[in-house]
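Visitor: See input-v9.cif below, with mmCIF, C-alpha atoms, pLDDT in the B column; chains and numbers go by the auth columns.
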```cif
data_work
loop_
_atom_site.group_PDB
_atom_site.id
_atom_site.type_symbol
_atom_site.label_atom_id
_atom_site.label_comp_id
_atom_site.label_asym_id
_atom_site.label_seq_id
_atom_site.Cartn_x
_atom_site.Cartn_y
_atom_site.Cartn_z
_atom_site.B_iso_or_equiv
_atom_site.auth_seq_id
_atom_site.auth_asym_id
ATOM 1 C CA MET A 1 -17.705 -8.077 32.387 95.00 1223 I
ATOM 2 C CA ILE A 2 -13.920 -7.852 31.908 96.00 1224 I
ATOM 3 C CA LYS A 3 -12.332 -11.202 32.757 97.00 1225 I
ATOM 4 C CA LEU A 4 -8.900 -10.908 34.389 98.00 1226 I
ATOM 5 C CA LEU A 5 -5.903 -13.148 34.995 98.00 1227 I
ATOM 6 C CA LEU A 6 -3.397 -12.098 37.670 97.00 1228 I
ATOM 7 C CA VAL A 7 0.193 -13.330 37.282 97.00 1229 I
ATOM 8 C CA ASP A 8 2.401 -12.393 40.233 96.00 1230 I
ATOM 9 C CA ASP A 9 4.669 -14.357 42.570 95.00 1231 I
ATOM 10 C CA HIS A 10 3.515 -12.385 45.610 94.00 1232 I
ATOM 11 C CA GLN A 11 0.307 -13.750 47.073 94.00 1233 I
ATOM 12 C CA MET A 12 -0.464 -10.500 48.895 93.00 1234 I
ATOM 13 C CA VAL A 13 -0.296 -8.535 45.636 93.00 1235 I
ATOM 14 C CA ARG A 14 -2.700 -10.955 43.983 94.00 1236 I
ATOM 15 C CA LEU A 15 -4.977 -10.867 47.017 94.00 1237 I
ATOM 16 C CA GLY A 16 -5.017 -7.067 47.147 93.00 1238 I
ATOM 17 C CA LEU A 17 -5.768 -6.653 43.463 94.00 1239 I
ATOM 18 C CA SER A 18 -8.321 -9.444 43.449 94.00 1240 I
ATOM 19 C CA SER A 19 -10.146 -7.929 46.409 94.00 1241 I
ATOM 20 C CA TYR A 20 -10.319 -4.533 44.738 95.00 1242 I
ATOM 21 C CA PHE A 21 -11.470 -5.900 41.381 95.00 1243 I
ATOM 22 C CA SER A 22 -14.158 -7.994 43.084 93.00 1244 I
ATOM 23 C CA ILE A 23 -16.021 -4.830 44.066 94.00 1245 I
ATOM 24 C CA GLN A 24 -15.912 -3.421 40.522 94.00 1246 I
ATOM 25 C CA ASP A 25 -19.147 -3.867 38.618 94.00 1247 I
ATOM 26 C CA ASP A 26 -17.377 -4.571 35.333 96.00 1248 I
ATOM 27 C CA MET A 27 -14.490 -6.855 36.393 96.00 1249 I
ATOM 28 C CA GLU A 28 -14.037 -10.460 37.392 96.00 1250 I
ATOM 29 C CA VAL A 29 -10.804 -12.296 38.305 97.00 1251 I
ATOM 30 C CA ILE A 30 -11.061 -15.712 36.667 97.00 1252 I
ATOM 31 C CA GLY A 31 -7.553 -16.952 37.416 97.00 1253 I
ATOM 32 C CA GLU A 32 -4.311 -16.395 39.305 96.00 1254 I
ATOM 33 C CA ALA A 33 -0.779 -17.654 38.676 97.00 1255 I
ATOM 34 C CA GLU A 34 2.382 -17.340 40.753 95.00 1256 I
ATOM 35 C CA ASP A 35 4.964 -17.671 37.979 95.00 1257 I
ATOM 36 C CA GLY A 36 5.366 -17.131 34.268 96.00 1258 I
ATOM 37 C CA GLN A 37 4.924 -20.731 33.180 96.00 1259 I
ATOM 38 C CA GLU A 38 1.687 -21.096 35.107 97.00 1260 I
ATOM 39 C CA GLY A 39 0.616 -17.712 33.715 97.00 1261 I
ATOM 40 C CA VAL A 40 1.131 -18.939 30.155 97.00 1262 I
ATOM 41 C CA GLU A 41 -0.848 -22.111 30.803 97.00 1263 I
ATOM 42 C CA GLN A 42 -3.749 -20.289 32.431 97.00 1264 I
ATOM 43 C CA ALA A 43 -3.801 -17.537 29.821 98.00 1265 I
ATOM 44 C CA LEU A 44 -4.089 -20.027 26.974 97.00 1266 I
ATOM 45 C CA SER A 45 -6.623 -22.128 28.857 97.00 1267 I
ATOM 46 C CA LEU A 46 -8.862 -19.406 30.318 97.00 1268 I
ATOM 47 C CA ARG A 47 -8.487 -16.784 27.578 97.00 1269 I
ATOM 48 C CA PRO A 48 -9.054 -13.764 29.886 98.00 1270 I
ATOM 49 C CA ASP A 49 -9.837 -10.347 28.427 97.00 1271 I
ATOM 50 C CA VAL A 50 -6.835 -8.739 30.150 97.00 1272 I
ATOM 51 C CA ILE A 51 -3.764 -10.245 31.848 98.00 1273 I
ATOM 52 C CA LEU A 52 -1.878 -8.407 34.596 98.00 1274 I
ATOM 53 C CA MET A 53 1.725 -9.634 34.409 97.00 1275 I
ATOM 54 C CA ASP A 54 4.495 -9.198 36.976 96.00 1276 I
ATOM 55 C CA LEU A 55 8.025 -9.025 35.523 94.00 1277 I
ATOM 56 C CA VAL A 56 10.426 -10.553 38.031 92.00 1278 I
ATOM 57 C CA MET A 57 9.396 -14.095 38.979 94.00 1279 I
ATOM 58 C CA ASP A 58 11.210 -17.372 39.575 89.00 1280 I
ATOM 59 C CA GLY A 59 11.543 -19.617 36.558 90.00 1281 I
ATOM 60 C CA MET A 60 9.939 -17.977 33.533 94.00 1282 I
ATOM 61 C CA ASP A 61 9.829 -14.201 34.017 94.00 1283 I
ATOM 62 C CA GLY A 62 7.105 -11.854 32.846 95.00 1284 I
ATOM 63 C CA ILE A 63 8.819 -10.869 29.612 94.00 1285 I
ATOM 64 C CA GLU A 64 9.265 -14.477 28.482 96.00 1286 I
ATOM 65 C CA ALA A 65 5.721 -15.309 29.554 97.00 1287 I
ATOM 66 C CA THR A 66 4.400 -12.339 27.575 96.00 1288 I
ATOM 67 C CA LYS A 67 6.297 -13.457 24.482 95.00 1289 I
ATOM 68 C CA GLU A 68 5.055 -17.034 24.848 96.00 1290 I
ATOM 69 C CA ILE A 69 1.424 -16.030 25.326 97.00 1291 I
ATOM 70 C CA LEU A 70 1.419 -13.648 22.367 95.00 1292 I
ATOM 71 C CA ALA A 71 3.214 -16.162 20.158 95.00 1293 I
ATOM 72 C CA GLN A 72 0.331 -18.593 20.660 95.00 1294 I
ATOM 73 C CA TRP A 73 -2.442 -16.035 21.151 96.00 1295 I
ATOM 74 C CA PRO A 74 -1.616 -12.740 19.371 93.00 1296 I
ATOM 75 C CA GLU A 75 -4.874 -11.097 20.441 93.00 1297 I
ATOM 76 C CA ALA A 76 -4.026 -11.308 24.155 96.00 1298 I
ATOM 77 C CA LYS A 77 -3.962 -8.021 26.058 96.00 1299 I
ATOM 78 C CA ILE A 78 -1.206 -7.989 28.661 96.00 1300 I
ATOM 79 C CA ILE A 79 -0.475 -5.164 31.085 96.00 1301 I
ATOM 80 C CA ILE A 80 2.854 -5.306 32.891 95.00 1302 I
ATOM 81 C CA VAL A 81 2.466 -4.408 36.583 95.00 1303 I
ATOM 82 C CA THR A 82 5.860 -4.155 38.249 92.00 1304 I
ATOM 83 C CA SER A 83 8.049 -2.243 40.665 90.00 1305 I
ATOM 84 C CA PHE A 84 10.765 -1.715 38.046 88.00 1306 I
ATOM 85 C CA ILE A 85 11.093 1.323 35.800 84.00 1307 I
ATOM 86 C CA ASP A 86 14.620 0.849 34.411 82.00 1308 I
ATOM 87 C CA ASP A 87 15.241 0.658 30.657 80.00 1309 I
ATOM 88 C CA GLU A 88 16.326 -2.990 30.871 83.00 1310 I
ATOM 89 C CA LYS A 89 12.785 -3.893 31.935 84.00 1311 I
ATOM 90 C CA VAL A 90 10.623 -1.313 30.148 86.00 1312 I
ATOM 91 C CA PHE A 91 11.827 -1.705 26.578 85.00 1313 I
ATOM 92 C CA PRO A 92 12.040 -5.524 26.474 90.00 1314 I
ATOM 93 C CA ALA A 93 8.476 -5.599 27.813 88.00 1315 I
ATOM 94 C CA MET A 94 7.310 -3.244 25.077 86.00 1316 I
ATOM 95 C CA GLU A 95 9.200 -5.223 22.439 86.00 1317 I
ATOM 96 C CA ALA A 96 7.581 -8.411 23.742 90.00 1318 I
ATOM 97 C CA GLY A 97 4.214 -6.909 22.825 89.00 1319 I
ATOM 98 C CA ALA A 98 2.729 -5.797 26.146 91.00 1320 I
ATOM 99 C CA SER A 99 -0.358 -3.581 25.853 89.00 1321 I
ATOM 100 C CA GLY A 100 0.645 -1.470 28.838 89.00 1322 I
ATOM 101 C CA TYR A 101 3.143 -0.881 31.615 92.00 1323 I
ATOM 102 C CA MET A 102 2.025 0.131 35.108 93.00 1324 I
ATOM 103 C CA LEU A 103 3.886 0.421 38.405 91.00 1325 I
ATOM 104 C CA LYS A 104 2.878 -1.268 41.640 90.00 1326 I
ATOM 105 C CA THR A 105 3.011 2.177 43.220 89.00 1327 I
ATOM 106 C CA SER A 106 -0.046 3.066 41.103 89.00 1328 I
ATOM 107 C CA SER A 107 -3.345 3.136 42.911 90.00 1329 I
ATOM 108 C CA ALA A 108 -5.766 0.255 42.417 90.00 1330 I
ATOM 109 C CA SER A 109 -8.143 2.642 40.667 92.00 1331 I
ATOM 110 C CA GLU A 110 -5.416 3.685 38.215 91.00 1332 I
ATOM 111 C CA ILE A 111 -4.708 0.044 37.405 94.00 1333 I
ATOM 112 C CA ALA A 112 -8.441 -0.565 36.982 94.00 1334 I
ATOM 113 C CA ASP A 113 -8.648 2.357 34.554 93.00 1335 I
ATOM 114 C CA ALA A 114 -5.664 0.921 32.657 93.00 1336 I
ATOM 115 C CA ILE A 115 -7.471 -2.413 32.417 95.00 1337 I
ATOM 116 C CA ARG A 116 -10.553 -0.749 30.967 94.00 1338 I
ATOM 117 C CA SER A 117 -8.424 1.114 28.423 91.00 1339 I
ATOM 118 C CA ALA A 118 -6.569 -2.037 27.385 92.00 1340 I
ATOM 119 C CA TYR A 119 -9.864 -3.880 27.102 94.00 1341 I
ATOM 120 C CA GLU A 120 -11.035 -1.207 24.653 91.00 1342 I
ATOM 121 C CA GLY A 121 -7.881 -1.704 22.601 89.00 1343 I
ATOM 122 C CA ASP A 122 -5.782 1.212 23.835 87.00 1344 I
ATOM 123 C CA THR A 123 -2.201 1.085 25.073 84.00 1345 I
ATOM 124 C CA VAL A 124 -1.666 2.265 28.641 86.00 1346 I
ATOM 125 C CA PHE A 125 1.636 3.438 30.086 84.00 1347 I
ATOM 126 C CA GLU A 126 2.732 5.102 33.288 82.00 1348 I
ATOM 127 C CA GLU A 127 3.753 8.708 32.658 80.00 1349 I
ATOM 128 C CA GLU A 128 7.382 7.826 33.428 82.00 1350 I
ATOM 129 C CA VAL A 129 7.287 5.009 30.888 79.00 1351 I
ATOM 130 C CA THR A 130 5.720 7.235 28.250 78.00 1352 I
ATOM 131 C CA GLN A 131 8.525 9.748 28.764 79.00 1353 I
ATOM 132 C CA LYS A 132 11.141 7.021 28.355 76.00 1354 I
ATOM 133 C CA ILE A 133 9.551 5.913 25.083 73.00 1355 I
ATOM 134 C CA ILE A 134 9.425 9.499 23.784 72.00 1356 I
ATOM 135 C CA GLU A 135 13.070 10.086 24.698 73.00 1357 I
ATOM 136 C CA ARG A 136 14.185 6.847 23.078 70.00 1358 I
ATOM 137 C CA ASN A 137 12.231 7.547 19.902 65.00 1359 I
ATOM 138 C CA HIS A 138 13.708 11.028 19.767 63.00 1360 I
ATOM 139 C CA MET A 139 17.239 9.662 20.096 59.00 1361 I
ATOM 140 C CA SER A 140 16.608 7.079 17.395 54.00 1362 I
ATOM 141 C CA GLN A 141 14.856 9.614 15.203 53.00 1363 I
ATOM 142 C CA GLU A 142 17.858 11.931 15.197 54.00 1364 I
ATOM 143 C CA TYR A 143 19.846 9.349 13.264 57.00 1365 I
ATOM 144 C CA LEU A 144 17.116 7.849 11.096 66.00 1366 I
ATOM 145 C CA LEU A 145 15.099 10.767 9.775 81.00 1367 I
ATOM 146 C CA HIS A 146 16.892 10.695 6.438 86.00 1368 I
ATOM 147 C CA ASP A 147 15.865 7.064 5.927 83.00 1369 I
ATOM 148 C CA ASP A 148 12.467 8.436 4.875 84.00 1370 I
ATOM 149 C CA LEU A 149 13.992 10.367 1.973 89.00 1371 I
ATOM 150 C CA THR A 150 13.518 9.025 -1.541 90.00 1372 I
ATOM 151 C CA ASN A 151 16.579 8.572 -3.762 90.00 1373 I
ATOM 152 C CA ARG A 152 15.711 11.781 -5.605 92.00 1374 I
ATOM 153 C CA GLU A 153 15.269 13.705 -2.334 92.00 1375 I
ATOM 154 C CA THR A 154 18.636 12.426 -1.089 92.00 1376 I
ATOM 155 C CA GLU A 155 20.231 13.577 -4.340 93.00 1377 I
ATOM 156 C CA ILE A 156 18.666 17.033 -4.003 94.00 1378 I
ATOM 157 C CA LEU A 157 19.706 17.259 -0.341 94.00 1379 I
ATOM 158 C CA GLN A 158 23.280 16.630 -1.416 93.00 1380 I
ATOM 159 C CA LEU A 159 23.020 19.419 -4.003 94.00 1381 I
ATOM 160 C CA ILE A 160 21.545 21.762 -1.387 93.00 1382 I
ATOM 161 C CA ALA A 161 24.496 20.965 0.859 92.00 1383 I
ATOM 162 C CA GLN A 162 26.841 21.816 -2.018 91.00 1384 I
ATOM 163 C CA GLY A 163 25.284 25.274 -2.128 90.00 1385 I
ATOM 164 C CA LEU A 164 23.262 25.000 -5.331 93.00 1386 I
ATOM 165 C CA SER A 165 20.184 27.192 -5.745 93.00 1387 I
ATOM 166 C CA ASN A 166 16.795 25.769 -6.660 93.00 1388 I
ATOM 167 C CA GLN A 167 17.276 26.813 -10.288 94.00 1389 I
ATOM 168 C CA GLU A 168 20.731 25.227 -10.409 94.00 1390 I
ATOM 169 C CA ILE A 169 19.308 22.032 -8.941 94.00 1391 I
ATOM 170 C CA ALA A 170 16.539 22.063 -11.545 94.00 1392 I
ATOM 171 C CA ASP A 171 19.125 22.386 -14.312 94.00 1393 I
ATOM 172 C CA GLU A 172 21.343 19.688 -12.787 92.00 1394 I
ATOM 173 C CA CYS A 173 18.508 17.180 -12.405 93.00 1395 I
ATOM 174 C CA PHE A 174 16.592 18.113 -15.569 93.00 1396 I
ATOM 175 C CA ILE A 175 13.396 18.844 -13.665 93.00 1397 I
ATOM 176 C CA THR A 176 11.214 21.934 -13.313 92.00 1398 I
ATOM 177 C CA LEU A 177 11.777 24.612 -10.700 93.00 1399 I
ATOM 178 C CA LYS A 178 8.343 23.824 -9.237 93.00 1400 I
ATOM 179 C CA THR A 179 9.334 20.156 -8.802 92.00 1401 I
ATOM 180 C CA VAL A 180 12.541 21.185 -7.049 93.00 1402 I
ATOM 181 C CA LYS A 181 10.598 23.390 -4.641 93.00 1403 I
ATOM 182 C CA THR A 182 8.272 20.471 -3.860 93.00 1404 I
ATOM 183 C CA HIS A 183 11.238 18.174 -3.202 93.00 1405 I
ATOM 184 C CA VAL A 184 12.907 20.793 -0.979 94.00 1406 I
ATOM 185 C CA SER A 185 9.711 21.245 1.010 92.00 1407 I
ATOM 186 C CA ASN A 186 9.428 17.473 1.492 92.00 1408 I
ATOM 187 C CA ILE A 187 13.067 17.236 2.551 93.00 1409 I
ATOM 188 C CA LEU A 188 12.716 19.961 5.179 93.00 1410 I
ATOM 189 C CA SER A 189 9.574 18.310 6.512 91.00 1411 I
ATOM 190 C CA LYS A 190 11.060 14.808 6.689 89.00 1412 I
ATOM 191 C CA LEU A 191 14.261 16.023 8.366 89.00 1413 I
ATOM 192 C CA ASP A 192 12.249 18.197 10.770 88.00 1414 I
ATOM 193 C CA VAL A 193 14.305 21.286 9.932 90.00 1415 I
ATOM 194 C CA SER A 194 13.104 24.785 9.075 90.00 1416 I
ATOM 195 C CA ASP A 195 15.473 25.909 6.327 91.00 1417 I
ATOM 196 C CA ARG A 196 18.170 24.904 3.839 90.00 1418 I
ATOM 197 C CA THR A 197 20.965 25.789 6.243 91.00 1419 I
ATOM 198 C CA GLN A 198 19.707 23.333 8.839 91.00 1420 I
ATOM 199 C CA ALA A 199 19.225 20.719 6.118 92.00 1421 I
ATOM 200 C CA THR A 200 22.838 21.238 5.058 92.00 1422 I
ATOM 201 C CA ILE A 201 24.056 20.861 8.642 89.00 1423 I
ATOM 202 C CA TYR A 202 22.031 17.659 8.952 87.00 1424 I
ATOM 203 C CA ALA A 203 23.472 16.302 5.706 90.00 1425 I
ATOM 204 C CA PHE A 204 27.067 16.857 6.792 89.00 1426 I
ATOM 205 C CA LYS A 205 26.422 15.630 10.326 85.00 1427 I
ATOM 206 C CA HIS A 206 25.127 12.330 8.971 82.00 1428 I
ATOM 207 C CA ASN A 207 27.740 11.950 6.248 86.00 1429 I
ATOM 208 C CA LEU A 208 25.241 12.261 3.418 87.00 1430 I
ATOM 209 C CA VAL A 209 27.551 14.516 1.399 83.00 1431 I
ATOM 210 C CA ASP A 210 30.867 13.509 -0.133 71.00 1432 I
ATOM 211 C CA ASP A 211 33.738 15.685 1.003 56.00 1433 I
#
```
Please render this file's structure as structure tokens.
Guide:
Amino acid sequence: MIKLLLVDDHQMVRLGLSSYFSIQDDMEVIGEAEDGQEGVEQALSLRPDVILMDLVMDGMDGIEATKEILAQWPEAKIIIVTSFIDDEKVFPAMEAGASGYMLKTSSASEIADAIRSAYEGDTVFEEEVTQKIIERNHMSQEYLLHDDLTNRETEILQLIAQGLSNQEIADECFITLKTVKTHVSNILSKLDVSDRTQATIYAFKHNLVDD
């Protein structure tokens, strides 16, 4: 039986969810809270398997409550259930450590499925939220891919950008041609580019080559 805690300042939301979960064979609502502070207290006292957390509430909001719960109980599984999908809500909730992010427009059955997934240790996000995370990671990745390069790989990337051939790089670095080819292959893979030309463009774009 999955034990649930509902944290939401709207009584009708709690009532609707509680009523639906009561007819599920594998779920039981063991507590309800109408604000973040009460949610923290009940979470730490009742230790439910999954917590459904609203975001916008008077006093302590859902993000602060999530942080507080996880600070004292890192194993807690918290699913945000909210009406908000803007970046200012989604990413702070993820950074706070929430196990999932669902919208109140989701069906009760979808939220129940999310609960089961979180209970099993999976993360559960609305499709819109997943897309936001992918887009943000892609934007961040564009500027940080080269952070994965070793010092030697960065050096070889700079030589590639200067137009040196593999043999010239081998001579410059006092390494074998085979080693150079391995480094070049790793560089292309880490920068997610397909050839030396694209690697050169990347190097200049990110100021990795001295003019």
Visitor: Applied to this file, what does the PyMOL selection byres ((chain I and resi 1310-1322) around 10) return in terms of residues, put as a VMD selection string?
Guide: chain I and resid 1272 to 1275 1277 to 1278 1284 to 1293 1296 1298 to 1304 1306 to 1309 1323 to 1324 1336 to 1337 1339 to 1341 1343 to 1348 1351 1354 to 1355 1358
Visitor: Taking (21.6, 20.9, -3.3) in the file's coordinates as the center, which residues reach within 10 Å of it, counting only C-alpha atoms, put as a PyMOL selection string?
Guide: chain I and resi 1375-1388+1390-1392+1394+1402+1406+1418+1421-1422+1431
Visitor: Put the listed atoms of stretch 1289-1297 of chain I in a box along x, y and z with 4 Å added on every side and give me the centre and edge lengths in Å to one decimal, as JSON.
Guide:
```
{"center_x": 0.7, "center_y": -14.8, "center_z": 22.3, "size_x": 19.2, "size_y": 15.5, "size_z": 14.0}
```
Visitor: Do you know which residues are at most 8 Å from I:Asp1257 counting only C-alpha atoms, after dropping those on the same chain fewer than 6 positions away, and could you put them as a list in words?
Guide: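 So the residues in contact are Val1229, Asp1230, Asp1231, Met1279, Asp1280, Gly1281, Met1282 and Asp1283 of chain I.
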Visitor: Point out the residue among I:Val1235, I:Leu1227, I:Gln1420, I:Glu1332 with the least atom-to-atom distance to I:Val1262, counting all atoms listed in the file.
Guide: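 Of I:Val1235, I:Leu1227, I:Gln1420, I:Glu1332, the one nearest I:Val1262 is I:Leu1227, counting all atoms listed in the file.
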Visitor: Work out how far atom CA of I:His1405 is from atom CA of I:Thr1372, in Å to one decimal.
Guide: 9.6 Å
Visitor: Quote the spacing between atom CA of I:Gln1353 and atom CA of I:Leu1325 in Å to one decimal place.
Guide: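 Computed distance, atom CA of I:Gln1353 to atom CA of I:Leu1325, equals 14.2 Å.
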Visitor: What separation in Å, quoted to one decimal, exists between atom CA of I:Gln1389 and atom CA of I:Val1415?
Guide: 21.2 Å
